[in-house]
>>> print(open('final.cif').read())   # mmCIF, C-alpha atoms and all ligand atoms
data_structure
#
loop_
_atom_site.label_atom_id
_atom_site.label_comp_id
_atom_site.auth_asym_id
_atom_site.auth_seq_id
_atom_site.Cartn_x
_atom_site.Cartn_y
_atom_site.Cartn_z
CA MET A 1 35.59 2.68 -23.69
CA GLU A 2 32.07 1.12 -23.95
CA HIS A 3 29.75 2.13 -21.12
CA ASP A 4 26.90 0.04 -19.70
CA PRO A 5 23.52 1.29 -20.98
CA LEU A 6 21.59 3.61 -18.70
CA THR A 7 18.11 3.31 -20.12
CA ALA A 8 14.61 2.97 -18.68
CA GLU A 9 14.66 -0.69 -19.85
CA THR A 10 17.86 -1.50 -17.96
CA MET A 11 16.74 0.42 -14.87
CA LEU A 12 13.15 -0.78 -14.45
CA PRO A 13 13.86 -4.42 -13.43
CA LEU A 14 16.42 -3.14 -10.93
CA LEU A 15 13.84 -0.83 -9.33
CA ALA A 16 11.12 -3.44 -8.75
CA GLY A 17 10.21 -3.70 -5.07
CA HIS A 18 11.51 -0.26 -4.14
CA THR A 19 9.44 1.75 -1.67
CA ILE A 20 9.35 4.86 -3.85
CA PRO A 21 7.70 4.14 -7.24
CA TRP A 22 10.54 5.43 -9.43
CA GLN A 23 9.61 6.60 -12.93
CA VAL A 24 12.69 6.76 -15.09
CA ARG A 25 13.25 9.24 -17.90
CA ALA A 26 16.59 8.42 -19.50
CA TYR A 27 18.31 10.65 -22.07
CA TYR A 28 21.49 10.28 -24.02
CA ARG A 29 22.27 13.99 -24.02
CA ILE A 30 20.48 16.68 -22.04
CA VAL A 31 21.28 20.23 -20.95
CA SER A 32 21.00 19.40 -17.25
CA THR A 33 19.01 16.68 -15.48
CA ASN A 34 18.37 19.24 -12.71
CA ASP A 35 16.71 21.67 -15.12
CA THR A 36 14.47 18.95 -16.59
CA ALA A 37 13.53 17.48 -13.20
CA ARG A 38 12.76 20.94 -11.84
CA LEU A 39 10.52 21.74 -14.80
CA LEU A 40 8.72 18.42 -14.42
CA ALA A 41 8.25 19.05 -10.68
CA GLU A 42 6.88 22.53 -11.35
CA HIS A 43 4.34 20.89 -13.65
CA GLY A 44 3.24 18.48 -10.93
CA ALA A 45 5.51 15.44 -11.51
CA PRO A 46 5.14 13.01 -8.60
CA GLU A 47 7.71 11.96 -6.04
CA GLY A 48 9.99 9.38 -7.67
CA THR A 49 10.31 11.08 -11.05
CA LEU A 50 13.91 10.35 -11.99
CA VAL A 51 15.85 11.98 -14.83
CA VAL A 52 19.14 10.38 -15.85
CA ALA A 53 21.45 11.24 -18.74
CA GLU A 54 24.59 9.84 -20.34
CA THR A 55 25.97 13.36 -20.79
CA GLN A 56 24.93 16.90 -19.89
CA SER A 57 25.89 19.84 -22.08
CA ARG A 58 25.50 22.31 -19.23
CA GLY A 59 25.51 20.44 -15.94
CA HIS A 60 25.77 22.75 -12.96
CA GLY A 61 26.97 22.45 -9.43
CA ARG A 62 26.24 24.52 -6.36
CA ARG A 63 26.80 28.27 -6.40
CA GLY A 64 26.63 28.43 -10.19
CA ASN A 65 29.69 26.24 -10.75
CA ARG A 66 29.91 24.29 -13.98
CA TRP A 67 29.72 20.51 -13.64
CA LEU A 68 31.58 18.50 -16.28
CA SER A 69 29.51 15.48 -17.31
CA PRO A 70 31.37 13.23 -19.76
CA PRO A 71 30.08 9.75 -20.74
CA GLY A 72 30.69 7.06 -18.12
CA GLY A 73 29.49 9.12 -15.16
CA LEU A 74 26.20 8.96 -13.35
CA TRP A 75 24.31 12.23 -13.75
CA PHE A 76 20.79 12.22 -12.39
CA SER A 77 18.11 14.21 -10.58
CA PHE A 78 14.92 13.16 -8.86
CA VAL A 79 11.76 14.75 -7.55
CA LEU A 80 10.69 14.44 -3.92
CA ARG A 81 7.60 15.76 -2.17
CA PRO A 82 8.89 15.41 1.38
CA HIS A 83 6.38 17.45 3.43
CA LEU A 84 9.21 18.97 5.44
CA PRO A 85 9.59 22.55 6.67
CA PRO A 86 12.10 24.45 4.46
CA GLU A 87 14.81 24.47 7.14
CA ARG A 88 14.78 20.66 7.18
CA ALA A 89 14.52 20.25 3.41
CA SER A 90 18.13 21.45 2.95
CA GLY A 91 19.24 18.48 5.11
CA LEU A 92 18.18 16.16 2.29
CA SER A 93 21.60 16.88 0.78
CA ILE A 94 23.15 15.06 3.78
CA VAL A 95 20.62 12.22 3.42
CA ALA A 96 21.73 11.84 -0.21
CA ALA A 97 25.44 12.23 0.61
CA VAL A 98 25.27 9.51 3.30
CA ALA A 99 23.44 7.14 0.91
CA LEU A 100 25.92 7.95 -1.84
CA ALA A 101 29.05 7.40 0.26
CA ARG A 102 27.64 4.05 1.44
CA THR A 103 26.74 3.05 -2.13
CA VAL A 104 30.09 3.82 -3.73
CA ASN A 105 31.84 1.89 -0.94
CA GLU A 106 29.74 -1.22 -1.61
CA PRO A 107 31.31 -2.73 -4.78
CA ALA A 108 34.79 -2.11 -3.35
CA ASP A 109 35.59 0.04 -0.34
CA VAL A 110 37.05 3.19 -1.85
CA GLY A 111 36.98 4.92 1.55
CA ALA A 112 34.34 7.43 0.40
CA ARG A 113 33.64 10.09 3.03
CA ILE A 114 31.41 13.17 3.23
CA LYS A 115 32.79 16.66 3.15
CA TRP A 116 29.96 18.83 4.43
CA PRO A 117 27.77 20.16 2.96
CA ASN A 118 27.56 18.25 -0.30
CA ASP A 119 30.73 16.53 -1.46
CA VAL A 120 31.76 12.89 -1.41
CA PHE A 121 35.53 12.46 -1.39
CA ALA A 122 37.74 9.39 -1.86
CA GLY A 123 41.50 9.33 -1.50
CA GLY A 124 41.51 13.09 -0.85
CA ARG A 125 39.78 13.87 -4.16
CA LYS A 126 36.21 14.76 -5.08
CA LEU A 127 34.27 11.75 -6.35
CA ALA A 128 30.70 13.04 -6.30
CA GLY A 129 28.53 16.03 -5.51
CA VAL A 130 24.95 16.50 -4.41
CA MET A 131 22.66 19.50 -4.55
CA VAL A 132 19.09 20.16 -3.44
CA LEU A 133 16.80 22.66 -5.14
CA SER A 134 13.29 23.69 -4.30
CA ALA A 135 10.97 23.26 -7.24
CA GLY A 136 7.70 25.01 -6.55
CA GLU A 137 4.90 24.03 -4.22
CA GLY A 138 6.27 21.39 -1.80
CA ALA A 139 8.64 19.79 -4.29
CA VAL A 140 12.38 19.34 -4.02
CA VAL A 141 14.84 18.17 -6.67
CA VAL A 142 17.94 16.28 -5.60
CA GLY A 143 20.71 16.38 -8.22
CA VAL A 144 23.58 13.92 -7.99
CA GLY A 145 26.76 13.65 -10.04
CA VAL A 146 29.14 10.72 -9.55
CA ASN A 147 32.33 10.17 -11.51
CA VAL A 148 31.84 6.43 -11.93
CA ASN A 149 33.59 5.03 -15.02
CA VAL A 150 35.16 8.34 -16.01
CA LEU A 151 38.71 7.92 -17.29
CA PRO A 152 41.34 9.93 -15.41
CA ASP A 153 42.06 12.20 -18.38
CA GLU A 154 38.35 13.07 -18.72
CA LEU A 155 38.02 14.18 -15.11
CA PRO A 156 37.86 17.92 -14.37
CA GLN A 157 41.33 19.39 -14.18
CA PRO A 158 42.47 20.64 -10.78
CA GLY A 159 40.50 23.70 -9.80
CA ARG A 160 39.25 24.10 -6.30
CA TYR A 161 39.62 20.34 -5.77
CA GLU A 162 41.24 17.51 -7.62
CA ALA A 163 38.65 15.02 -8.90
CA THR A 164 38.61 11.25 -8.93
CA SER A 165 36.33 8.48 -10.19
CA VAL A 166 35.31 5.02 -8.99
CA LEU A 167 37.28 3.66 -11.96
CA ARG A 168 40.38 5.57 -10.92
CA GLU A 169 40.09 4.47 -7.27
CA THR A 170 39.44 0.76 -7.97
CA GLY A 171 41.00 0.22 -11.39
CA SER A 172 37.88 -1.42 -12.82
CA PRO A 173 34.52 -0.22 -14.17
CA VAL A 174 31.27 -0.89 -12.29
CA SER A 175 27.68 -1.11 -13.56
CA ARG A 176 26.18 2.36 -13.33
CA ALA A 177 22.63 0.98 -13.55
CA LYS A 178 23.25 -1.26 -10.52
CA LEU A 179 25.01 1.55 -8.66
CA LEU A 180 22.06 3.87 -9.30
CA ALA A 181 19.54 1.25 -8.15
CA ARG A 182 21.58 0.60 -4.98
CA PHE A 183 21.83 4.32 -4.33
CA LEU A 184 18.06 4.74 -4.64
CA SER A 185 17.47 1.87 -2.23
CA ASN A 186 20.02 3.25 0.26
CA PHE A 187 18.52 6.71 -0.16
CA GLU A 188 14.94 5.49 0.48
CA ASP A 189 15.91 3.92 3.85
CA ARG A 190 17.57 7.09 5.03
CA TYR A 191 14.92 9.40 3.61
CA PHE A 192 12.21 7.67 5.61
CA ALA A 193 14.45 7.66 8.71
CA TYR A 194 15.13 11.40 8.25
CA ARG A 195 11.41 12.14 8.13
CA SER A 196 10.66 10.01 11.21
CA PRO A 197 10.54 11.64 14.66
CA ASP A 198 13.95 10.11 15.47
CA GLY A 199 16.32 11.42 12.80
CA SER A 200 19.35 10.57 14.92
CA ARG A 201 20.09 7.23 13.16
CA LEU A 202 21.12 9.15 10.08
CA THR A 203 23.27 11.53 12.12
CA ARG A 204 25.17 8.60 13.65
CA GLU A 205 25.91 7.23 10.20
CA TRP A 206 26.90 10.66 8.93
CA ARG A 207 29.32 11.02 11.88
CA GLU A 208 31.08 7.77 10.83
CA LEU A 209 31.45 9.09 7.30
CA SER A 210 32.26 12.71 8.07
CA LEU A 211 35.55 14.20 6.93
CA VAL A 212 35.09 17.42 8.88
CA ILE A 213 34.05 16.50 12.43
CA GLY A 214 36.71 17.77 14.86
CA GLU A 215 38.50 19.73 12.13
CA TRP A 216 39.36 23.43 12.15
CA VAL A 217 37.53 24.88 9.15
CA THR A 218 36.80 28.09 7.31
CA ALA A 219 33.17 28.48 6.25
CA THR A 220 31.66 31.12 4.04
CA VAL A 221 27.99 31.91 4.31
CA GLY A 222 27.09 34.40 1.60
CA GLU A 223 29.49 37.32 2.20
CA GLU A 224 30.49 36.26 5.69
CA THR A 225 33.49 34.10 6.66
CA VAL A 226 33.72 32.22 9.95
CA GLN A 227 36.40 29.94 11.34
CA GLY A 228 36.03 27.30 13.99
CA THR A 229 36.23 23.64 14.94
CA VAL A 230 33.41 21.40 13.75
CA PHE A 231 31.99 20.49 17.09
CA GLY A 232 28.61 18.94 16.31
CA LEU A 233 26.55 17.36 13.55
CA GLU A 234 22.84 17.97 13.95
CA ASP A 235 19.80 15.90 12.97
CA ASP A 236 18.66 18.54 10.43
CA GLY A 237 21.95 18.28 8.46
CA GLY A 238 23.44 21.38 10.08
CA ILE A 239 26.86 21.58 11.73
CA VAL A 240 27.90 23.48 14.84
CA LEU A 241 31.24 25.31 14.89
CA ARG A 242 33.08 26.27 18.08
CA LEU A 243 34.69 29.62 17.30
CA ALA A 244 38.00 30.88 18.72
CA ASP A 245 36.15 32.96 21.37
CA GLY A 246 34.38 29.81 22.63
CA SER A 247 31.00 30.72 21.19
CA HIS A 248 29.02 28.32 19.00
CA ARG A 249 27.65 28.96 15.54
CA LYS A 250 25.24 26.70 13.68
CA LEU A 251 25.31 26.46 9.88
CA LEU A 252 22.68 24.82 7.67
CA PRO A 253 23.63 23.07 4.40
CA THR A 254 21.96 25.70 2.22
CA GLY A 255 23.00 26.66 -1.30
CA THR A 256 25.29 29.55 -0.33
CA VAL A 257 27.50 27.88 2.24
CA THR A 258 30.99 26.47 1.53
CA LEU A 259 33.54 24.93 3.82
CA SER A 260 37.24 24.20 3.65
CA VAL A 261 39.34 22.30 6.10
CA VAL A 262 42.32 24.40 7.19
CA GLY A 263 45.71 22.68 7.14
C1 LIG B 301 28.25 20.15 -6.54
O1 LIG B 301 29.19 19.44 -6.13
O2 LIG B 301 28.36 21.38 -6.62
C2 LIG B 301 26.94 19.48 -6.91
C3 LIG B 301 27.07 18.84 -8.26
C4 LIG B 301 25.78 18.24 -8.76
C5 LIG B 301 25.93 17.77 -10.20
C6 LIG B 301 24.73 17.01 -10.64
S1 LIG B 301 25.00 16.11 -12.15
C7 LIG B 301 23.30 15.77 -12.27
C8 LIG B 301 22.57 17.02 -11.85
N1 LIG B 301 22.40 17.93 -12.97
C9 LIG B 301 23.08 19.05 -12.82
O3 LIG B 301 23.12 19.99 -13.65
N2 LIG B 301 23.73 19.04 -11.66
C10 LIG B 301 23.48 17.83 -10.91
#
>>> encode(input="final.cif", output="structure tokens", more="lines below")
Ligand code: BTN
Amino acid sequence: MEHDPLTAETMLPLLAGHTIPWQVRAYYRIVSTNDTARLLAEHGAPEGTLVVAETQSRGHGRRGNRWLSPPGGLWFSFVLRPHLPPERASGLSIVAAVALARTVNEPADVGARIKWPNDVFAGGRKLAGVMVLSAGEGAVVVGVGVNVNVLPDELPQPGRYEATSVLRETGSPVSRAKLLARFLSNFEDRYFAYRSPDGSRLTREWRELSLVIGEWVTATVGEETVQGTVFGLEDDGGIVLRLADGSHRKLLPTGTVTLSVVG
């Protein structure tokens, strides 16, 4: 299958007029867009530095998981300099997940929803993942992987979750360059809203898209396991669980946390 080109030339016209001045570095094959973006950020790359690749030889997900990155997907990372305290920086994964779920639902509504802290699901399967890394003095890298035009037999085989792609959900390929440009535009709106004094607009949108609100879940935070009902979504991207004894426990979407919906 031929894939639409993801090059700086195809991206630049689509990024004209955006609030963040995106600078695109497009590769055919790279080890990991996260690694490259992080290195660039550590060497002072400005907000808006965007690294995108057709394939990654060693893409990684949260908690050291491998991330399969065949041609046809959208694998990218970008640098932000958000001037946020560290406990709010982790919430950028929710900002990105909300923008991503909205974006993949735009060409055709695939019913994409957010499974806290970092997954976008459609039809009960994982469609995309987001991760946020700190990258030296004041910089953050957001890494995003979306199975866009990935053929069903190239998707990761069932492991922890079954995977899906936009192609599999809709039956037809979409332009990755346009999807990326739309994502960046949707992300910008929500990024500025998140940094404003009233971050609650984002939380309302997240609530509409959340797969876990009201659900009984098991969460692991490092070595610890807790169970409870997801009772609240907070403006900093955290969730509040109501535990069996009636007490409340807040979790932030940091790198070590995982969540599964029970039953
Ligand atoms: C997850 O679900 O665990 C997050 C997956 C993030 C994958 C993307 S693909 C582009 C970027 N480069 C990487 O190595 N990882 C992220």
>>> residues_around(input="final.cif", residues="Leu180 (chain A)", least_positions_apart="3", cutoff="10 Å", atoms="all atoms listed in the file", output="PDB file with C-alpha atoms, in the frame of the given file")
ATOM      1  CA  LEU A   6      21.590   3.610 -18.700  1.00  0.00           C
ATOM      2  CA  MET A  11      16.740   0.420 -14.870  1.00  0.00           C
ATOM      3  CA  LEU A  14      16.420  -3.140 -10.930  1.00  0.00           C
ATOM      4  CA  LEU A  15      13.840  -0.830  -9.330  1.00  0.00           C
ATOM      5  CA  VAL A  52      19.140  10.380 -15.850  1.00  0.00           C
ATOM      6  CA  LEU A  74      26.200   8.960 -13.350  1.00  0.00           C
ATOM      7  CA  TRP A  75      24.310  12.230 -13.750  1.00  0.00           C
ATOM      8  CA  PHE A  76      20.790  12.220 -12.390  1.00  0.00           C
ATOM      9  CA  LEU A 100      25.920   7.950  -1.840  1.00  0.00           C
ATOM     10  CA  THR A 103      26.740   3.050  -2.130  1.00  0.00           C
ATOM     11  CA  VAL A 104      30.090   3.820  -3.730  1.00  0.00           C
ATOM     12  CA  VAL A 146      29.140  10.720  -9.550  1.00  0.00           C
ATOM     13  CA  SER A 175      27.680  -1.110 -13.560  1.00  0.00           C
ATOM     14  CA  ARG A 176      26.180   2.360 -13.330  1.00  0.00           C
ATOM     15  CA  ALA A 177      22.630   0.980 -13.550  1.00  0.00           C
ATOM     16  CA  PHE A 183      21.830   4.320  -4.330  1.00  0.00           C
ATOM     17  CA  LEU A 184      18.060   4.740  -4.640  1.00  0.00           C
ATOM     18  CA  SER A 185      17.470   1.870  -2.230  1.00  0.00           C
ATOM     19  CA  ASN A 186      20.020   3.250   0.260  1.00  0.00           C
TER      20      ASN A 186
END
>>> residues_around(input="final.cif", residues="region 157-172 of chain A", least_positions_apart="3", cutoff="8 Å", atoms="only C-alpha atoms", output="PyMOL selection string")
chain A and resi 104+108+110+122-123+125-127+146-152
>>> residues_near_ligand(input="final.cif", ligand="ligand LIG 301 (chain B)", cutoff="10 Å", atoms="only C-alpha atoms and all ligand atoms", output="MDAnalysis selection string")
chainID A and resid 30:37 51:53 55:69 73:78 93 117:120 126:132 141:147 255 258
>>> residues_around(input="final.cif", residues="region 207-210 of chain A", least_positions_apart="5", cutoff="12 Å", atoms="only C-alpha atoms", output="ChimeraX atom specification")
/A:94-95,97-102,105,111-122,200-202,215,230-235,237,239
>>> write_last_selection(input="final.cif", atoms="C-alpha atoms", output="short mmCIF file (atom, residue, chain, number, x, y, z; two decimals), in the coordinates of the input")
data_model
loop_
_atom_site.label_atom_id
_atom_site.label_comp_id
_atom_site.auth_asym_id
_atom_site.auth_seq_id
_atom_site.Cartn_x
_atom_site.Cartn_y
_atom_site.Cartn_z
CA ILE A 94 23.15 15.06 3.78
CA VAL A 95 20.62 12.22 3.42
CA ALA A 97 25.44 12.23 0.61
CA VAL A 98 25.27 9.51 3.30
CA ALA A 99 23.44 7.14 0.91
CA LEU A 100 25.92 7.95 -1.84
CA ALA A 101 29.05 7.40 0.26
CA ARG A 102 27.64 4.05 1.44
CA ASN A 105 31.84 1.89 -0.94
CA GLY A 111 36.98 4.92 1.55
CA ALA A 112 34.34 7.43 0.40
CA ARG A 113 33.64 10.09 3.03
CA ILE A 114 31.41 13.17 3.23
CA LYS A 115 32.79 16.66 3.15
CA TRP A 116 29.96 18.83 4.43
CA PRO A 117 27.77 20.16 2.96
CA ASN A 118 27.56 18.25 -0.30
CA ASP A 119 30.73 16.53 -1.46
CA VAL A 120 31.76 12.89 -1.41
CA PHE A 121 35.53 12.46 -1.39
CA ALA A 122 37.74 9.39 -1.86
CA SER A 200 19.35 10.57 14.92
CA ARG A 201 20.09 7.23 13.16
CA LEU A 202 21.12 9.15 10.08
CA GLU A 215 38.50 19.73 12.13
CA VAL A 230 33.41 21.40 13.75
CA PHE A 231 31.99 20.49 17.09
CA GLY A 232 28.61 18.94 16.31
CA LEU A 233 26.55 17.36 13.55
CA GLU A 234 22.84 17.97 13.95
CA ASP A 235 19.80 15.90 12.97
CA GLY A 237 21.95 18.28 8.46
CA ILE A 239 26.86 21.58 11.73
#
>>> closest_atom_pairs(input="final.cif", of="region 171-214 of chain A", to="region 84-87 of chain A", cutoff="12 Å", atoms="all atoms listed in the file", output="Markdown table")
| residue | atom | partner | partner_atom | distance |
| --- | --- | --- | --- | --- |
| A:Tyr191 | CA | A:Leu84 | CA | 11.3 |
| A:Phe192 | CA | A:Leu84 | CA | 11.7 |
| A:Tyr194 | CA | A:Leu84 | CA | 10.0 |
| A:Arg195 | CA | A:Leu84 | CA | 7.7 |
| A:Ser196 | CA | A:Leu84 | CA | 10.8 |
| A:Pro197 | CA | A:Leu84 | CA | 11.9 |
>>> closest_residue(input="final.cif", among="A:Lys250, A:Arg88, A:Lys178, A:Arg204", to="Thr10 (chain A)", atoms="all atoms listed in the file")
A:Lys178
>>> atom_distance(input="final.cif", atom1="CA of Pro107 (chain A)", atom2="CA of Glu188 (chain A)")
19.1 Å
>>> atom_distance(input="final.cif", atom1="CA of Tyr28 (chain A)", atom2="CA of Arg190 (chain A)")
29.5 Å
>>> closest_residue(input="final.cif", among="A:Val24, A:Gly138, A:Pro82, A:Pro13", to="Gly44 (chain A)", atoms="all atoms listed in the file")
A:Gly138
>>> atom_distance(input="final.cif", atom1="CA of Arg81 (chain A)", atom2="CA of Ala45 (chain A)")
9.6 Å
>>> closest_residue(input="final.cif", among="A:Thr49, A:Thr225, A:Thr7, A:Thr218", to="Trp22 (chain A)", atoms="only C-alpha atoms")
A:Thr49
>>> closest_residue(input="final.cif", among="A:Ala96, A:Trp216, A:Pro173, A:Ser90", to="Val257 (chain A)", atoms="only C-alpha atoms")
A:Ser90
>>> residues_near_point(input="final.cif", point="(7.9, 17.7, -9.1)", cutoff="8 Å", atoms="all atoms listed in the file", output="list in words")
Ala37, Arg38, Leu39, Leu40, Ala41, Glu42, His43, Gly44, Ala45, Pro46, Glu47, Thr49, Val79, Leu80, Arg81, Ala135, Gly136, Ala139, Val140 and Val141 of chain A
>>> closest_residue(input="final.cif", among="A:Asp189, A:Glu137, A:Glu205, A:Asp236", to="His18 (chain A)", atoms="only C-alpha atoms")
A:Asp189
>>> closest_residue(input="final.cif", among="A:Ala26, A:Leu92, A:Leu241, A:Ala193", to="Gln227 (chain A)", atoms="only C-alpha atoms")
A:Leu241
